[in-house]
Amino acid sequence: FDINIINFNLPYIEIEVFCKSGTYIRSLANDLGLSLNTFAYLYSLKRTEANEFFDIKNSINIEDISENYLIELDKPLVNIENAILEEDELKKFKNGQKIFYDKNINTKNIKVYDKNHILYGVADFNNKHIEPKINFPI
């Protein structure tokens, strides 16, 4: 979406990139070098945010981690719709099988819960079918 030059001190150029997930920053460095008729590579990478939930401003030192900083597993997934599955469907989900789900869901990615609101994983939702992607050990 946006690239800003932070520091220009050849042979190093420091840039800040605002992009969507899936952007290959190492490839971007290579492409920038090629567009300047030279070669370039990524010397270092610092992710400063990842979606609206994770921001480097809220980070802590690893030595300071304690139970006080634990969050619910599904908190970062707040913008993803839910599917609540019955016991027989959860068994299929845990085994990686597709599940027919006739409820109305408007997003491709969904969170899968049991009737007690325990998170079982994340899935793709396509053509009224749930396709497991990530299963959490329960």
# chains A, B, ... in the order shown; residues from 1 in each chain; ligands from 1
>>> residues_around(residues="Ile134 in chain A", least_positions_apart="4", cutoff="12 Å", atoms="only C-alpha atoms", output="list in words")
Phe93, Lys94, Asn95, Gly96, Gln97, Asn109, Ile110, Lys111, Val112, Leu119, Tyr120, Gly121, Val122, Ala123, Asp124 and Ile130 of chain A
>>> residues_around(residues="Asn116 in chain A", least_positions_apart="2", cutoff="12 Å", atoms="only C-alpha atoms", output="ChimeraX atom specification")
/A:84-87,112-114,118-120
>>> closest_residue(among="A:Lys108, A:Lys133, A:Lys128, A:Lys57", to="Glu81 in chain A", atoms="only C-alpha atoms")
A:Lys108
>>> residues_around(residues="Val17 in chain A", least_positions_apart="3", cutoff="12 Å", atoms="only C-alpha atoms", output="ChimeraX atom specification")
/A:1-6,14,20-21,23-26,28-29,45-49
>>> closest_residue(among="A:Thr38, A:Leu73, A:Tyr43, A:Ala83", to="Ile15 in chain A", atoms="only C-alpha atoms")
A:Tyr43
>>> select_by_dssp(residues="range 33-125 of chain A", states="alpha helix (DSSP H)", output="VMD selection string")
chain A and resid 33 to 35 87 to 94
>>> write_last_selection(atoms="N, CA, C and O atoms", output="PDB file, in the first residue's frame")
ATOM      1  N   GLY A  33      16.325  -3.538  -6.160  1.00  0.00           N
ATOM      2  CA  GLY A  33      17.679  -3.571  -6.709  1.00  0.00           C
ATOM      3  C   GLY A  33      17.673  -3.684  -8.215  1.00  0.00           C
ATOM      4  O   GLY A  33      18.393  -2.951  -8.909  1.00  0.00           O
ATOM      5  N   LEU A  34      16.856  -4.582  -8.743  1.00  0.00           N
ATOM      6  CA  LEU A  34      16.785  -4.750 -10.201  1.00  0.00           C
ATOM      7  C   LEU A  34      16.305  -3.485 -10.890  1.00  0.00           C
ATOM      8  O   LEU A  34      16.798  -3.122 -11.962  1.00  0.00           O
ATOM      9  N   SER A  35      15.332  -2.788 -10.272  1.00  0.00           N
ATOM     10  CA  SER A  35      14.830  -1.546 -10.885  1.00  0.00           C
ATOM     11  C   SER A  35      15.890  -0.437 -10.867  1.00  0.00           C
ATOM     12  O   SER A  35      15.811   0.513 -11.646  1.00  0.00           O
ATOM     13  N   GLU A  87     -20.993 -32.705  18.073  1.00  0.00           N
ATOM     14  CA  GLU A  87     -19.924 -33.656  18.437  1.00  0.00           C
ATOM     15  C   GLU A  87     -19.461 -34.492  17.248  1.00  0.00           C
ATOM     16  O   GLU A  87     -18.257 -34.663  17.035  1.00  0.00           O
ATOM     17  N   ASP A  88     -20.390 -35.018  16.448  1.00  0.00           N
ATOM     18  CA  ASP A  88     -20.005 -35.837  15.288  1.00  0.00           C
ATOM     19  C   ASP A  88     -19.268 -35.006  14.237  1.00  0.00           C
ATOM     20  O   ASP A  88     -18.333 -35.472  13.589  1.00  0.00           O
ATOM     21  N   GLU A  89     -19.648 -33.728  14.084  1.00  0.00           N
ATOM     22  CA  GLU A  89     -18.969 -32.842  13.144  1.00  0.00           C
ATOM     23  C   GLU A  89     -17.565 -32.490  13.647  1.00  0.00           C
ATOM     24  O   GLU A  89     -16.619 -32.408  12.859  1.00  0.00           O
ATOM     25  N   LEU A  90     -17.438 -32.297  14.968  1.00  0.00           N
ATOM     26  CA  LEU A  90     -16.116 -31.991  15.547  1.00  0.00           C
ATOM     27  C   LEU A  90     -15.146 -33.144  15.341  1.00  0.00           C
ATOM     28  O   LEU A  90     -13.960 -32.934  15.098  1.00  0.00           O
ATOM     29  N   LYS A  91     -15.638 -34.363  15.425  1.00  0.00           N
ATOM     30  CA  LYS A  91     -14.779 -35.526  15.189  1.00  0.00           C
ATOM     31  C   LYS A  91     -14.230 -35.492  13.763  1.00  0.00           C
ATOM     32  O   LYS A  91     -13.048 -35.712  13.537  1.00  0.00           O
ATOM     33  N   LYS A  92     -15.104 -35.190  12.805  1.00  0.00           N
ATOM     34  CA  LYS A  92     -14.671 -35.066  11.410  1.00  0.00           C
ATOM     35  C   LYS A  92     -13.672 -33.917  11.258  1.00  0.00           C
ATOM     36  O   LYS A  92     -12.670 -34.039  10.562  1.00  0.00           O
ATOM     37  N   PHE A  93     -13.980 -32.787  11.915  1.00  0.00           N
ATOM     38  CA  PHE A  93     -13.096 -31.628  11.839  1.00  0.00           C
ATOM     39  C   PHE A  93     -11.706 -31.979  12.343  1.00  0.00           C
ATOM     40  O   PHE A  93     -10.704 -31.666  11.703  1.00  0.00           O
ATOM     41  N   LYS A  94     -11.630 -32.643  13.499  1.00  0.00           N
ATOM     42  CA  LYS A  94     -10.332 -33.015  14.079  1.00  0.00           C
ATOM     43  C   LYS A  94      -9.573 -33.985  13.187  1.00  0.00           C
ATOM     44  O   LYS A  94      -8.351 -34.039  13.226  1.00  0.00           O
TER      45      LYS A  94
END
>>> decode(residues="range 69-99 of chain A", atoms="N, CA, C and O atoms", output="short mmCIF file (atom, residue, chain, number, x, y, z; two decimals), in the first residue's frame")
data_model
loop_
_atom_site.label_atom_id
_atom_site.label_comp_id
_atom_site.auth_asym_id
_atom_site.auth_seq_id
_atom_site.Cartn_x
_atom_site.Cartn_y
_atom_site.Cartn_z
N TYR A 69 0.24 -11.66 30.84
CA TYR A 69 0.18 -11.26 29.44
C TYR A 69 -0.54 -12.26 28.54
O TYR A 69 -0.66 -12.04 27.35
N LEU A 70 -1.01 -13.37 29.10
CA LEU A 70 -1.71 -14.36 28.30
C LEU A 70 -3.06 -13.82 27.85
O LEU A 70 -3.75 -13.11 28.60
N ILE A 71 -3.44 -14.14 26.63
CA ILE A 71 -4.75 -13.74 26.11
C ILE A 71 -5.48 -14.99 25.62
O ILE A 71 -4.88 -16.03 25.40
N GLU A 72 -6.77 -14.86 25.46
CA GLU A 72 -7.56 -15.96 24.89
C GLU A 72 -7.08 -16.23 23.47
O GLU A 72 -6.75 -15.29 22.73
N LEU A 73 -7.04 -17.49 23.11
CA LEU A 73 -6.52 -17.90 21.81
C LEU A 73 -7.27 -17.26 20.64
O LEU A 73 -6.68 -16.94 19.61
N ASP A 74 -8.55 -17.03 20.80
CA ASP A 74 -9.33 -16.49 19.68
C ASP A 74 -9.43 -14.96 19.68
O ASP A 74 -10.02 -14.38 18.78
N LYS A 75 -8.82 -14.29 20.64
CA LYS A 75 -8.91 -12.83 20.70
C LYS A 75 -8.37 -12.16 19.43
O LYS A 75 -8.99 -11.23 18.93
N PRO A 76 -7.24 -12.60 18.87
CA PRO A 76 -6.77 -11.96 17.64
C PRO A 76 -7.66 -12.26 16.43
O PRO A 76 -7.53 -11.63 15.40
N LEU A 77 -8.56 -13.21 16.57
CA LEU A 77 -9.41 -13.61 15.45
C LEU A 77 -10.79 -12.97 15.55
O LEU A 77 -11.78 -13.50 15.06
N VAL A 78 -10.87 -11.83 16.18
CA VAL A 78 -12.14 -11.18 16.49
C VAL A 78 -12.97 -10.89 15.23
O VAL A 78 -14.19 -10.90 15.28
N ASN A 79 -12.35 -10.66 14.09
CA ASN A 79 -13.08 -10.31 12.87
C ASN A 79 -13.46 -11.51 12.02
O ASN A 79 -13.94 -11.34 10.90
N ILE A 80 -13.22 -12.70 12.52
CA ILE A 80 -13.54 -13.92 11.77
C ILE A 80 -14.84 -14.52 12.32
O ILE A 80 -15.02 -14.62 13.53
N GLU A 81 -15.74 -14.91 11.43
CA GLU A 81 -17.02 -15.48 11.85
C GLU A 81 -16.85 -16.85 12.50
O GLU A 81 -15.84 -17.52 12.30
N ASN A 82 -17.87 -17.25 13.25
CA ASN A 82 -17.87 -18.52 13.99
C ASN A 82 -18.72 -19.57 13.31
O ASN A 82 -19.71 -19.25 12.67
N ALA A 83 -18.36 -20.82 13.54
CA ALA A 83 -19.22 -21.97 13.25
C ALA A 83 -19.22 -22.84 14.49
O ALA A 83 -18.15 -23.15 15.03
N ILE A 84 -20.40 -23.20 14.96
CA ILE A 84 -20.51 -24.07 16.13
C ILE A 84 -20.92 -25.45 15.63
O ILE A 84 -21.95 -25.60 14.97
N LEU A 85 -20.06 -26.44 15.91
CA LEU A 85 -20.27 -27.79 15.40
C LEU A 85 -20.77 -28.74 16.48
O LEU A 85 -20.45 -28.57 17.66
N GLU A 86 -21.52 -29.73 16.04
CA GLU A 86 -21.98 -30.81 16.92
C GLU A 86 -20.83 -31.80 17.11
O GLU A 86 -19.85 -31.79 16.38
N GLU A 87 -20.99 -32.70 18.07
CA GLU A 87 -19.92 -33.66 18.44
C GLU A 87 -19.46 -34.49 17.25
O GLU A 87 -18.26 -34.66 17.04
N ASP A 88 -20.39 -35.02 16.45
CA ASP A 88 -20.00 -35.84 15.29
C ASP A 88 -19.27 -35.01 14.24
O ASP A 88 -18.33 -35.47 13.59
N GLU A 89 -19.65 -33.73 14.08
CA GLU A 89 -18.97 -32.84 13.14
C GLU A 89 -17.57 -32.49 13.65
O GLU A 89 -16.62 -32.41 12.86
N LEU A 90 -17.44 -32.30 14.97
CA LEU A 90 -16.12 -31.99 15.55
C LEU A 90 -15.15 -33.14 15.34
O LEU A 90 -13.96 -32.93 15.10
N LYS A 91 -15.64 -34.36 15.42
CA LYS A 91 -14.78 -35.53 15.19
C LYS A 91 -14.23 -35.49 13.76
O LYS A 91 -13.05 -35.71 13.54
N LYS A 92 -15.10 -35.19 12.80
CA LYS A 92 -14.67 -35.07 11.41
C LYS A 92 -13.67 -33.92 11.26
O LYS A 92 -12.67 -34.04 10.56
N PHE A 93 -13.98 -32.79 11.92
CA PHE A 93 -13.10 -31.63 11.84
C PHE A 93 -11.71 -31.98 12.34
O PHE A 93 -10.70 -31.67 11.70
N LYS A 94 -11.63 -32.64 13.50
CA LYS A 94 -10.33 -33.01 14.08
C LYS A 94 -9.57 -33.99 13.19
O LYS A 94 -8.35 -34.04 13.23
N ASN A 95 -10.30 -34.75 12.36
CA ASN A 95 -9.65 -35.69 11.44
C ASN A 95 -9.37 -35.07 10.07
O ASN A 95 -8.97 -35.77 9.14
N GLY A 96 -9.62 -33.76 9.95
CA GLY A 96 -9.30 -33.06 8.71
C GLY A 96 -10.29 -33.25 7.59
O GLY A 96 -10.00 -32.93 6.44
N GLN A 97 -11.49 -33.72 7.91
CA GLN A 97 -12.50 -33.97 6.88
C GLN A 97 -13.36 -32.74 6.63
O GLN A 97 -13.63 -31.95 7.54
N LYS A 98 -13.83 -32.59 5.39
CA LYS A 98 -14.77 -31.54 5.03
C LYS A 98 -16.11 -31.80 5.72
O LYS A 98 -16.52 -32.95 5.85
N ILE A 99 -16.79 -30.71 6.09
CA ILE A 99 -18.08 -30.84 6.77
C ILE A 99 -19.08 -29.93 6.06
O ILE A 99 -18.82 -28.74 5.85
#
